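Data block for query.tsv (TSV, C-alpha atoms and all ligand atoms):
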chain	number	residue	atom	x	y	z
A	466	MET	CA	-16.51	0.10	36.39
A	467	ARG	CA	-18.65	1.33	33.55
A	468	ILE	CA	-22.37	0.67	33.42
A	469	LEU	CA	-24.14	1.64	30.23
A	470	THR	CA	-27.86	2.19	30.55
A	471	LEU	CA	-30.46	1.92	27.82
A	472	SER	CA	-33.75	3.65	28.51
A	473	GLY	CA	-37.01	2.68	26.87
A	474	SER	CA	-38.56	6.07	27.65
A	475	LEU	CA	-37.72	9.28	25.80
A	476	ARG	CA	-39.98	11.34	28.07
A	477	ALA	CA	-38.33	14.31	29.81
A	478	ARG	CA	-40.11	13.56	33.11
A	479	SER	CA	-39.80	9.80	32.75
A	480	THR	CA	-40.29	7.78	35.92
A	481	ASN	CA	-37.84	5.23	34.53
A	482	GLY	CA	-35.45	8.14	34.06
A	483	SER	CA	-35.75	8.76	37.81
A	484	LEU	CA	-34.45	5.24	38.39
A	485	LEU	CA	-31.52	5.90	36.07
A	486	ARG	CA	-30.62	9.06	37.95
A	487	ALA	CA	-30.84	7.17	41.23
A	488	ALA	CA	-28.55	4.46	39.83
A	489	ARG	CA	-26.00	7.17	39.03
A	490	THR	CA	-26.20	8.58	42.55
A	491	LEU	CA	-26.02	5.18	44.24
A	492	THR	CA	-22.83	4.18	42.41
A	493	GLU	CA	-21.07	7.58	42.55
A	494	ALA	CA	-18.92	6.77	45.57
A	495	ASP	CA	-17.60	3.57	43.94
A	496	GLY	CA	-16.14	5.43	40.99
A	497	THR	CA	-18.62	3.58	38.78
A	498	ALA	CA	-19.51	5.58	35.69
A	499	VAL	CA	-23.16	5.22	34.76
A	500	THR	CA	-23.89	6.64	31.32
A	501	THR	CA	-27.01	6.51	29.18
A	502	ALA	CA	-26.81	5.71	25.48
A	503	ASP	CA	-28.69	8.03	23.14
A	504	ILE	CA	-30.98	5.61	21.31
A	505	GLY	CA	-33.66	8.11	20.34
A	506	GLY	CA	-31.83	9.16	17.18
A	507	LEU	CA	-31.05	5.71	15.80
A	508	PRO	CA	-32.43	4.96	12.34
A	509	HIS	CA	-35.00	2.21	12.04
A	510	PHE	CA	-33.25	-1.12	11.91
A	511	ASN	CA	-32.76	-2.30	8.36
A	512	PRO	CA	-30.47	-5.26	7.60
A	513	ASP	CA	-29.66	-3.67	4.22
A	514	LEU	CA	-27.83	-0.89	6.07
A	515	ASP	CA	-25.85	-3.38	8.08
A	516	GLY	CA	-25.00	-6.33	5.86
A	517	GLU	CA	-21.86	-7.25	4.00
A	518	GLY	CA	-20.24	-4.23	2.39
A	519	ALA	CA	-22.44	-1.79	4.31
A	520	VAL	CA	-21.06	0.67	6.82
A	521	ALA	CA	-23.24	0.96	9.90
A	522	PRO	CA	-24.76	4.46	10.34
A	523	ALA	CA	-22.73	6.63	12.74
A	524	PRO	CA	-25.24	6.55	15.65
A	525	VAL	CA	-25.31	2.76	15.40
A	526	ALA	CA	-21.53	2.54	15.43
A	527	ALA	CA	-21.47	4.82	18.49
A	528	LEU	CA	-24.00	2.64	20.31
A	529	ARG	CA	-22.03	-0.52	19.55
A	530	LYS	CA	-18.83	1.09	20.82
A	531	SER	CA	-20.55	2.14	24.06
A	532	VAL	CA	-21.84	-1.37	24.68
A	533	ALA	CA	-18.46	-2.92	23.85
A	534	GLU	CA	-16.70	-0.60	26.32
A	535	ALA	CA	-19.16	-1.19	29.18
A	536	ASP	CA	-18.56	-3.69	31.97
A	537	ALA	CA	-22.30	-4.17	32.26
A	538	VAL	CA	-25.53	-2.88	30.74
A	539	LEU	CA	-28.66	-1.88	32.61
A	540	VAL	CA	-31.88	-1.72	30.62
A	541	VAL	CA	-34.57	0.43	32.25
A	542	SER	CA	-37.91	0.69	30.55
A	543	PRO	CA	-41.64	1.22	30.70
A	544	GLU	CA	-44.03	-1.26	29.14
A	545	TYR	CA	-46.13	-0.15	26.18
A	546	ALA	CA	-49.20	-2.23	25.28
A	547	HIS	CA	-47.80	-5.23	27.15
A	548	GLY	CA	-44.61	-5.00	25.12
A	549	VAL	CA	-41.20	-3.39	24.80
A	550	PRO	CA	-41.20	0.27	23.60
A	551	GLY	CA	-40.26	0.42	19.91
A	552	VAL	CA	-37.31	2.74	20.49
A	553	LEU	CA	-35.67	0.18	22.77
A	554	LYS	CA	-36.43	-2.87	20.63
A	555	ASN	CA	-35.02	-0.96	17.66
A	556	ALA	CA	-31.77	-0.35	19.54
A	557	LEU	CA	-31.51	-4.01	20.54
A	558	ASP	CA	-32.17	-5.12	16.95
A	559	TRP	CA	-29.11	-3.13	15.84
A	560	LEU	CA	-27.06	-5.06	18.42
A	561	VAL	CA	-28.19	-8.60	17.57
A	562	SER	CA	-25.71	-9.43	14.83
A	563	SER	CA	-22.80	-7.24	15.84
A	564	GLY	CA	-22.09	-9.28	18.95
A	565	GLU	CA	-21.40	-6.67	21.65
A	566	PHE	CA	-23.88	-8.34	23.99
A	567	ILE	CA	-22.14	-11.71	23.93
A	568	ASP	CA	-21.38	-12.57	27.60
A	569	ARG	CA	-22.12	-8.95	28.61
A	570	ARG	CA	-23.68	-8.77	32.06
A	571	VAL	CA	-27.08	-7.17	31.83
A	572	GLY	CA	-29.92	-6.26	34.19
A	573	VAL	CA	-33.49	-5.38	33.27
A	574	ILE	CA	-35.65	-2.98	35.26
A	575	THR	CA	-39.18	-2.10	34.22
A	576	ALA	CA	-41.28	0.44	36.08
A	577	SER	CA	-44.94	1.30	35.74
A	578	PRO	CA	-47.66	3.19	37.59
A	579	SER	CA	-49.53	-0.13	37.47
A	580	PRO	CA	-48.90	-2.69	40.25
A	581	THR	CA	-47.63	-5.19	37.66
A	582	GLY	CA	-44.48	-3.12	37.10
A	583	GLY	CA	-44.31	-3.84	33.37
A	584	ASP	CA	-43.82	-7.57	33.87
A	585	TYR	CA	-44.66	-8.45	30.25
A	586	ALA	CA	-41.97	-6.12	28.92
A	587	ASN	CA	-39.53	-7.31	31.58
A	588	ALA	CA	-39.95	-10.95	30.55
A	589	GLN	CA	-39.71	-10.08	26.85
A	590	LEU	CA	-36.53	-8.06	27.34
A	591	ARG	CA	-34.86	-10.84	29.31
A	592	GLU	CA	-35.81	-13.35	26.62
A	593	THR	CA	-34.42	-11.12	23.84
A	594	LEU	CA	-31.20	-10.44	25.73
A	595	ARG	CA	-30.69	-14.14	26.43
A	596	MET	CA	-31.21	-14.84	22.72
A	597	MET	CA	-28.49	-12.26	22.09
A	598	THR	CA	-26.32	-14.36	24.46
A	599	GLY	CA	-26.01	-11.63	27.05
A	600	THR	CA	-25.52	-12.80	30.63
A	601	VAL	CA	-28.81	-11.79	32.21
A	602	VAL	CA	-28.16	-11.34	35.93
A	603	ASP	CA	-31.39	-12.38	37.65
A	604	GLU	CA	-30.56	-10.42	40.81
A	605	SER	CA	-30.30	-7.29	38.65
A	606	CYS	CA	-33.78	-7.69	37.20
A	607	LEU	CA	-36.62	-5.81	38.88
A	608	THR	CA	-40.23	-4.99	38.17
A	609	VAL	CA	-41.22	-1.80	39.95
A	610	GLY	CA	-44.96	-1.41	40.39
A	611	THR	CA	-46.83	1.76	41.44
A	612	ILE	CA	-43.73	3.78	40.58
A	613	SER	CA	-45.49	7.15	40.79
A	614	ALA	CA	-46.22	6.60	44.48
A	615	LYS	CA	-42.55	5.83	45.13
A	616	LEU	CA	-41.15	9.06	43.70
A	617	ASP	CA	-41.12	12.54	45.18
A	618	ARG	CA	-43.79	14.48	43.29
A	619	ASP	CA	-41.64	17.61	42.93
A	620	THR	CA	-38.11	16.33	42.42
A	621	GLY	CA	-38.83	12.91	40.90
A	622	GLU	CA	-36.30	11.38	43.27
A	623	ILE	CA	-36.99	8.01	44.89
A	624	ALA	CA	-38.96	8.56	48.09
A	625	ASP	CA	-39.33	4.89	48.99
A	626	PRO	CA	-36.46	3.39	51.03
A	627	GLU	CA	-37.37	-0.15	49.99
A	628	LEU	CA	-37.05	0.75	46.32
A	629	THR	CA	-33.69	2.40	46.99
A	630	ALA	CA	-32.53	-0.80	48.69
A	631	GLN	CA	-33.79	-2.96	45.82
A	632	LEU	CA	-32.02	-0.79	43.26
A	633	LYS	CA	-28.83	-0.88	45.29
A	634	THR	CA	-28.93	-4.69	45.43
A	635	ALA	CA	-29.58	-4.87	41.68
A	636	LEU	CA	-26.59	-2.62	40.95
A	637	GLN	CA	-24.30	-4.53	43.27
A	638	ALA	CA	-25.19	-7.80	41.55
A	639	LEU	CA	-24.60	-6.29	38.12
A	640	THR	CA	-21.02	-5.23	38.64
A	641	PRO	CA	-18.61	-8.19	38.68
A	642	ASN	CA	-16.75	-6.91	41.74
A	643	PRO	CA	-18.66	-6.05	44.92
A	644	THR	CA	-19.40	-2.35	45.19
A	645	THR	CA	-19.99	-0.18	48.18
A	646	THR	CA	-22.94	1.75	46.87
A	647	THR	CA	-23.93	4.68	49.03
A	648	ALA	CA	-27.23	4.86	50.89
A	701	LIG	C1	-48.76	4.01	24.55
A	701	LIG	C2	-48.71	3.59	26.00
A	701	LIG	C3	-48.94	2.28	26.33
A	701	LIG	C4	-48.86	1.86	27.68
A	701	LIG	N1	-49.02	0.54	27.98
A	701	LIG	C5	-48.79	0.12	29.25
A	701	LIG	C6	-48.80	-1.27	29.56
A	701	LIG	O1	-49.03	-2.13	28.73
A	701	LIG	N2	-48.51	-1.63	30.83
A	701	LIG	C7	-48.24	-0.71	31.81
A	701	LIG	O2	-47.96	-1.11	32.94
A	701	LIG	N3	-48.23	0.62	31.55
A	701	LIG	C8	-48.49	1.05	30.30
A	701	LIG	N4	-48.47	2.39	29.99
A	701	LIG	C9	-48.25	3.37	31.07
A	701	LIG	C10	-46.77	3.63	31.27
A	701	LIG	O3	-46.26	2.62	32.12
A	701	LIG	C11	-46.59	5.01	31.92
A	701	LIG	O4	-46.99	6.00	31.01
A	701	LIG	C12	-45.17	5.25	32.38
A	701	LIG	O5	-45.13	6.40	33.16
A	701	LIG	C13	-44.22	5.39	31.22
A	701	LIG	O6	-42.90	5.37	31.69
A	701	LIG	P1	-42.02	6.70	31.85
A	701	LIG	O7	-42.64	7.48	33.00
A	701	LIG	O8	-40.66	6.21	32.18
A	701	LIG	O9	-42.09	7.45	30.57
A	701	LIG	C14	-48.56	2.82	28.67
A	701	LIG	C15	-48.35	4.16	28.32
A	701	LIG	C16	-48.42	4.54	27.00
A	701	LIG	C17	-48.14	5.99	26.63
Can you turn what I pasted into structure tokens?
Amino acid sequence: MRILTLSGSLRARSTNGSLLRAARTLTEADGTAVTTADIGGLPHFNPDLDGEGAVAPAPVAALRKSVAEADAVLVVSPEYAHGVPGVLKNALDWLVSSGEFIDRRVGVITASPSPTGGDYANAQLRETLRMMTGTVVDESCLTVGTISAKLDRDTGEIADPELTAQLKTALQALTPNPTTTTA
């Protein structure tokens, strides 16, 4: 199984990044490969670069290939100003017309130090992905509130067993065949 992750945070010490690392650890024993697409270097979306007769820029072509080759996609993101971070929306805009999301299973996790867990961004992402005709797996969608209190201050690893269990359930629902994710 291959899960491609898209992260809405470019921050080195990202709390959402902690969730991505945990997802990798939790699926290791299944032989599931969890990789993260590099979306930070994508050009700004411009239909003129992508229309008839245009050749998509190399980083865009690489992103499309990664999505096409994945069994499922997990979007993990903070919320900025009650919305989706620009870097992530930009990546999704490049994928609207090319079709790699059609019927692709996708989960959406948003995490925030606020108790609301980025629920505006979570709802917006699910709406956009449904418009792109992805198969949004409800059981793989999570809002994680008060994330800072659920991570180890030094290592950034998840220190909250309930969050680990929720993430595990979300990952199991995302992969078409049942997995045996480790504790
Ligand atoms: C420009 C900006 C806007 C933000 N807006 C929101 C917001 O609307 N809702 C929210 O819950 N948190 C908001 N935050 C706080 C982020 O959730 C917090 O910085 C979080 O740690 C970012 O995720 P990361 O740790 O994965 O980088 C905002 C942060 C920044 C820098």
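Straight-line separation from CA of Leu616 in chain A to CA of Ser483 in chain A: 8.0 Å.
Considering all atoms listed in the file, the residue among A:Pro524, A:Gly506, A:Pro512, A:Gly473 positioned nearest to Ala586 in chain A is A:Gly473.
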>> Measuring between all atoms listed in the file, which one of A:Val573, A:Leu557, A:Val609, A:Leu471 shows the shortest distance to Met596 in chain A?
In response: A:Leu557
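By only C-alpha atoms, and with residues fewer than 4 positions from Thr593 in chain A along its chain excluded, the set lying at most 12 Å from it is Val540, Gly548, Val549, Leu553, Lys554, Asn555, Ala556, Leu557, Asp558, Leu560, Val561, Phe566, Val571, Val573, Ala586, Asn587, Ala588, Gln589, Met597, Thr598, Gly599, Thr600 and Val601 of chain A.
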So that all listed atoms of ligand LIG 701 (chain A) fit with 4 Å spare on each side, what axis-aligned box centre and edge lengths in Å, to one decimal, would you give as JSON?
{"center_x": -44.8, "center_y": 2.7, "center_z": 28.9, "size_x": 16.4, "size_y": 17.6, "size_z": 16.6}
For range 552-584 of chain A, write N, CA, C and O atoms out as a PDB file, in the first residue's frame.
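Saved to out.pdb:
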ATOM      1  N   VAL A 552      -0.235  27.290   0.350  1.00  0.00           N
ATOM      2  CA  VAL A 552       0.652  26.309  -0.295  1.00  0.00           C
ATOM      3  C   VAL A 552      -0.113  25.021  -0.627  1.00  0.00           C
ATOM      4  O   VAL A 552       0.117  24.393  -1.666  1.00  0.00           O
ATOM      5  N   LEU A 553      -1.050  24.666   0.226  1.00  0.00           N
ATOM      6  CA  LEU A 553      -1.824  23.441   0.002  1.00  0.00           C
ATOM      7  C   LEU A 553      -2.905  23.658  -1.056  1.00  0.00           C
ATOM      8  O   LEU A 553      -3.104  22.827  -1.943  1.00  0.00           O
ATOM      9  N   LYS A 554      -3.579  24.794  -0.972  1.00  0.00           N
ATOM     10  CA  LYS A 554      -4.624  25.075  -1.979  1.00  0.00           C
ATOM     11  C   LYS A 554      -3.990  25.171  -3.360  1.00  0.00           C
ATOM     12  O   LYS A 554      -4.551  24.696  -4.359  1.00  0.00           O
ATOM     13  N   ASN A 555      -2.787  25.757  -3.411  1.00  0.00           N
ATOM     14  CA  ASN A 555      -2.076  25.859  -4.681  1.00  0.00           C
ATOM     15  C   ASN A 555      -1.810  24.472  -5.268  1.00  0.00           C
ATOM     16  O   ASN A 555      -2.034  24.221  -6.456  1.00  0.00           O
ATOM     17  N   ALA A 556      -1.373  23.548  -4.416  1.00  0.00           N
ATOM     18  CA  ALA A 556      -1.091  22.185  -4.883  1.00  0.00           C
ATOM     19  C   ALA A 556      -2.379  21.534  -5.405  1.00  0.00           C
ATOM     20  O   ALA A 556      -2.389  20.890  -6.457  1.00  0.00           O
ATOM     21  N   LEU A 557      -3.465  21.709  -4.664  1.00  0.00           N
ATOM     22  CA  LEU A 557      -4.733  21.097  -5.091  1.00  0.00           C
ATOM     23  C   LEU A 557      -5.209  21.710  -6.413  1.00  0.00           C
ATOM     24  O   LEU A 557      -5.734  20.996  -7.276  1.00  0.00           O
ATOM     25  N   ASP A 558      -4.999  23.021  -6.571  1.00  0.00           N
ATOM     26  CA  ASP A 558      -5.433  23.665  -7.824  1.00  0.00           C
ATOM     27  C   ASP A 558      -4.729  23.046  -9.043  1.00  0.00           C
ATOM     28  O   ASP A 558      -5.328  22.886 -10.097  1.00  0.00           O
ATOM     29  N   TRP A 559      -3.456  22.674  -8.861  1.00  0.00           N
ATOM     30  CA  TRP A 559      -2.728  22.026  -9.956  1.00  0.00           C
ATOM     31  C   TRP A 559      -3.299  20.644 -10.286  1.00  0.00           C
ATOM     32  O   TRP A 559      -3.041  20.085 -11.355  1.00  0.00           O
ATOM     33  N   LEU A 560      -4.055  20.073  -9.339  1.00  0.00           N
ATOM     34  CA  LEU A 560      -4.553  18.698  -9.519  1.00  0.00           C
ATOM     35  C   LEU A 560      -6.024  18.654  -9.935  1.00  0.00           C
ATOM     36  O   LEU A 560      -6.575  17.580 -10.142  1.00  0.00           O
ATOM     37  N   VAL A 561      -6.657  19.821 -10.073  1.00  0.00           N
ATOM     38  CA  VAL A 561      -8.092  19.833 -10.376  1.00  0.00           C
ATOM     39  C   VAL A 561      -8.376  19.253 -11.764  1.00  0.00           C
ATOM     40  O   VAL A 561      -9.192  18.338 -11.912  1.00  0.00           O
ATOM     41  N   SER A 562      -7.672  19.779 -12.765  1.00  0.00           N
ATOM     42  CA  SER A 562      -8.006  19.405 -14.143  1.00  0.00           C
ATOM     43  C   SER A 562      -7.319  18.133 -14.615  1.00  0.00           C
ATOM     44  O   SER A 562      -7.765  17.506 -15.574  1.00  0.00           O
ATOM     45  N   SER A 563      -6.238  17.765 -13.960  1.00  0.00           N
ATOM     46  CA  SER A 563      -5.445  16.642 -14.471  1.00  0.00           C
ATOM     47  C   SER A 563      -6.045  15.285 -14.096  1.00  0.00           C
ATOM     48  O   SER A 563      -5.704  14.269 -14.695  1.00  0.00           O
ATOM     49  N   GLY A 564      -6.910  15.266 -13.092  1.00  0.00           N
ATOM     50  CA  GLY A 564      -7.724  14.066 -12.877  1.00  0.00           C
ATOM     51  C   GLY A 564      -7.179  12.995 -11.952  1.00  0.00           C
ATOM     52  O   GLY A 564      -7.841  11.973 -11.735  1.00  0.00           O
ATOM     53  N   GLU A 565      -6.003  13.194 -11.362  1.00  0.00           N
ATOM     54  CA  GLU A 565      -5.443  12.121 -10.523  1.00  0.00           C
ATOM     55  C   GLU A 565      -6.279  11.845  -9.279  1.00  0.00           C
ATOM     56  O   GLU A 565      -6.172  10.785  -8.671  1.00  0.00           O
ATOM     57  N   PHE A 566      -7.090  12.795  -8.874  1.00  0.00           N
ATOM     58  CA  PHE A 566      -7.890  12.596  -7.653  1.00  0.00           C
ATOM     59  C   PHE A 566      -9.189  11.834  -7.901  1.00  0.00           C
ATOM     60  O   PHE A 566      -9.853  11.434  -6.950  1.00  0.00           O
ATOM     61  N   ILE A 567      -9.517  11.619  -9.168  1.00  0.00           N
ATOM     62  CA  ILE A 567     -10.806  10.966  -9.462  1.00  0.00           C
ATOM     63  C   ILE A 567     -10.836   9.586  -8.786  1.00  0.00           C
ATOM     64  O   ILE A 567      -9.960   8.747  -9.011  1.00  0.00           O
ATOM     65  N   ASP A 568     -11.817   9.385  -7.923  1.00  0.00           N
ATOM     66  CA  ASP A 568     -12.009   8.123  -7.184  1.00  0.00           C
ATOM     67  C   ASP A 568     -10.846   7.771  -6.242  1.00  0.00           C
ATOM     68  O   ASP A 568     -10.792   6.655  -5.734  1.00  0.00           O
ATOM     69  N   ARG A 569      -9.915   8.672  -6.039  1.00  0.00           N
ATOM     70  CA  ARG A 569      -8.790   8.395  -5.119  1.00  0.00           C
ATOM     71  C   ARG A 569      -9.292   8.525  -3.688  1.00  0.00           C
ATOM     72  O   ARG A 569      -9.944   9.512  -3.332  1.00  0.00           O
ATOM     73  N   ARG A 570      -9.012   7.538  -2.867  1.00  0.00           N
ATOM     74  CA  ARG A 570      -9.415   7.620  -1.461  1.00  0.00           C
ATOM     75  C   ARG A 570      -8.585   8.686  -0.758  1.00  0.00           C
ATOM     76  O   ARG A 570      -7.362   8.735  -0.933  1.00  0.00           O
ATOM     77  N   VAL A 571      -9.248   9.511   0.009  1.00  0.00           N
ATOM     78  CA  VAL A 571      -8.519  10.613   0.639  1.00  0.00           C
ATOM     79  C   VAL A 571      -9.077  10.909   2.027  1.00  0.00           C
ATOM     80  O   VAL A 571     -10.288  10.854   2.255  1.00  0.00           O
ATOM     81  N   GLY A 572      -8.170  11.156   2.968  1.00  0.00           N
ATOM     82  CA  GLY A 572      -8.537  11.559   4.314  1.00  0.00           C
ATOM     83  C   GLY A 572      -8.014  12.963   4.580  1.00  0.00           C
ATOM     84  O   GLY A 572      -7.045  13.400   3.948  1.00  0.00           O
ATOM     85  N   VAL A 573      -8.655  13.662   5.497  1.00  0.00           N
ATOM     86  CA  VAL A 573      -8.270  15.037   5.805  1.00  0.00           C
ATOM     87  C   VAL A 573      -8.114  15.194   7.317  1.00  0.00           C
ATOM     88  O   VAL A 573      -9.069  14.998   8.069  1.00  0.00           O
ATOM     89  N   ILE A 574      -6.912  15.536   7.735  1.00  0.00           N
ATOM     90  CA  ILE A 574      -6.666  15.784   9.158  1.00  0.00           C
ATOM     91  C   ILE A 574      -6.202  17.227   9.318  1.00  0.00           C
ATOM     92  O   ILE A 574      -5.284  17.670   8.617  1.00  0.00           O
ATOM     93  N   THR A 575      -6.850  17.956  10.191  1.00  0.00           N
ATOM     94  CA  THR A 575      -6.368  19.296  10.527  1.00  0.00           C
ATOM     95  C   THR A 575      -6.064  19.315  12.020  1.00  0.00           C
ATOM     96  O   THR A 575      -6.786  18.713  12.821  1.00  0.00           O
ATOM     97  N   ALA A 576      -4.983  19.994  12.366  1.00  0.00           N
ATOM     98  CA  ALA A 576      -4.588  20.083  13.772  1.00  0.00           C
ATOM     99  C   ALA A 576      -4.275  21.525  14.114  1.00  0.00           C
ATOM    100  O   ALA A 576      -3.734  22.271  13.289  1.00  0.00           O
ATOM    101  N   SER A 577      -4.649  21.897  15.334  1.00  0.00           N
ATOM    102  CA  SER A 577      -4.447  23.283  15.764  1.00  0.00           C
ATOM    103  C   SER A 577      -4.255  23.336  17.270  1.00  0.00           C
ATOM    104  O   SER A 577      -4.811  22.502  17.996  1.00  0.00           O
ATOM    105  N   PRO A 578      -3.513  24.337  17.746  1.00  0.00           N
ATOM    106  CA  PRO A 578      -3.424  24.522  19.200  1.00  0.00           C
ATOM    107  C   PRO A 578      -4.768  24.959  19.781  1.00  0.00           C
ATOM    108  O   PRO A 578      -4.996  24.845  20.975  1.00  0.00           O
ATOM    109  N   SER A 579      -5.663  25.423  18.923  1.00  0.00           N
ATOM    110  CA  SER A 579      -6.995  25.829  19.388  1.00  0.00           C
ATOM    111  C   SER A 579      -7.882  24.581  19.556  1.00  0.00           C
ATOM    112  O   SER A 579      -7.699  23.584  18.856  1.00  0.00           O
ATOM    113  N   PRO A 580      -8.877  24.638  20.452  1.00  0.00           N
ATOM    114  CA  PRO A 580      -9.747  23.474  20.644  1.00  0.00           C
ATOM    115  C   PRO A 580     -10.558  23.111  19.406  1.00  0.00           C
ATOM    116  O   PRO A 580     -11.024  21.990  19.271  1.00  0.00           O
ATOM    117  N   THR A 581     -10.725  24.066  18.478  1.00  0.00           N
ATOM    118  CA  THR A 581     -11.551  23.790  17.287  1.00  0.00           C
ATOM    119  C   THR A 581     -10.847  22.888  16.275  1.00  0.00           C
ATOM    120  O   THR A 581     -11.493  22.347  15.372  1.00  0.00           O
ATOM    121  N   GLY A 582      -9.538  22.727  16.404  1.00  0.00           N
ATOM    122  CA  GLY A 582      -8.826  21.765  15.552  1.00  0.00           C
ATOM    123  C   GLY A 582      -8.815  22.123  14.066  1.00  0.00           C
ATOM    124  O   GLY A 582      -8.659  21.248  13.217  1.00  0.00           O
ATOM    125  N   GLY A 583      -8.989  23.384  13.750  1.00  0.00           N
ATOM    126  CA  GLY A 583      -8.959  23.777  12.331  1.00  0.00           C
ATOM    127  C   GLY A 583     -10.182  23.295  11.576  1.00  0.00           C
ATOM    128  O   GLY A 583     -10.082  22.855  10.421  1.00  0.00           O
ATOM    129  N   ASP A 584     -11.343  23.375  12.215  1.00  0.00           N
ATOM    130  CA  ASP A 584     -12.547  22.788  11.585  1.00  0.00           C
ATOM    131  C   ASP A 584     -13.000  23.526  10.326  1.00  0.00           C
ATOM    132  O   ASP A 584     -13.566  22.910   9.421  1.00  0.00           O
TER     133      ASP A 584
END
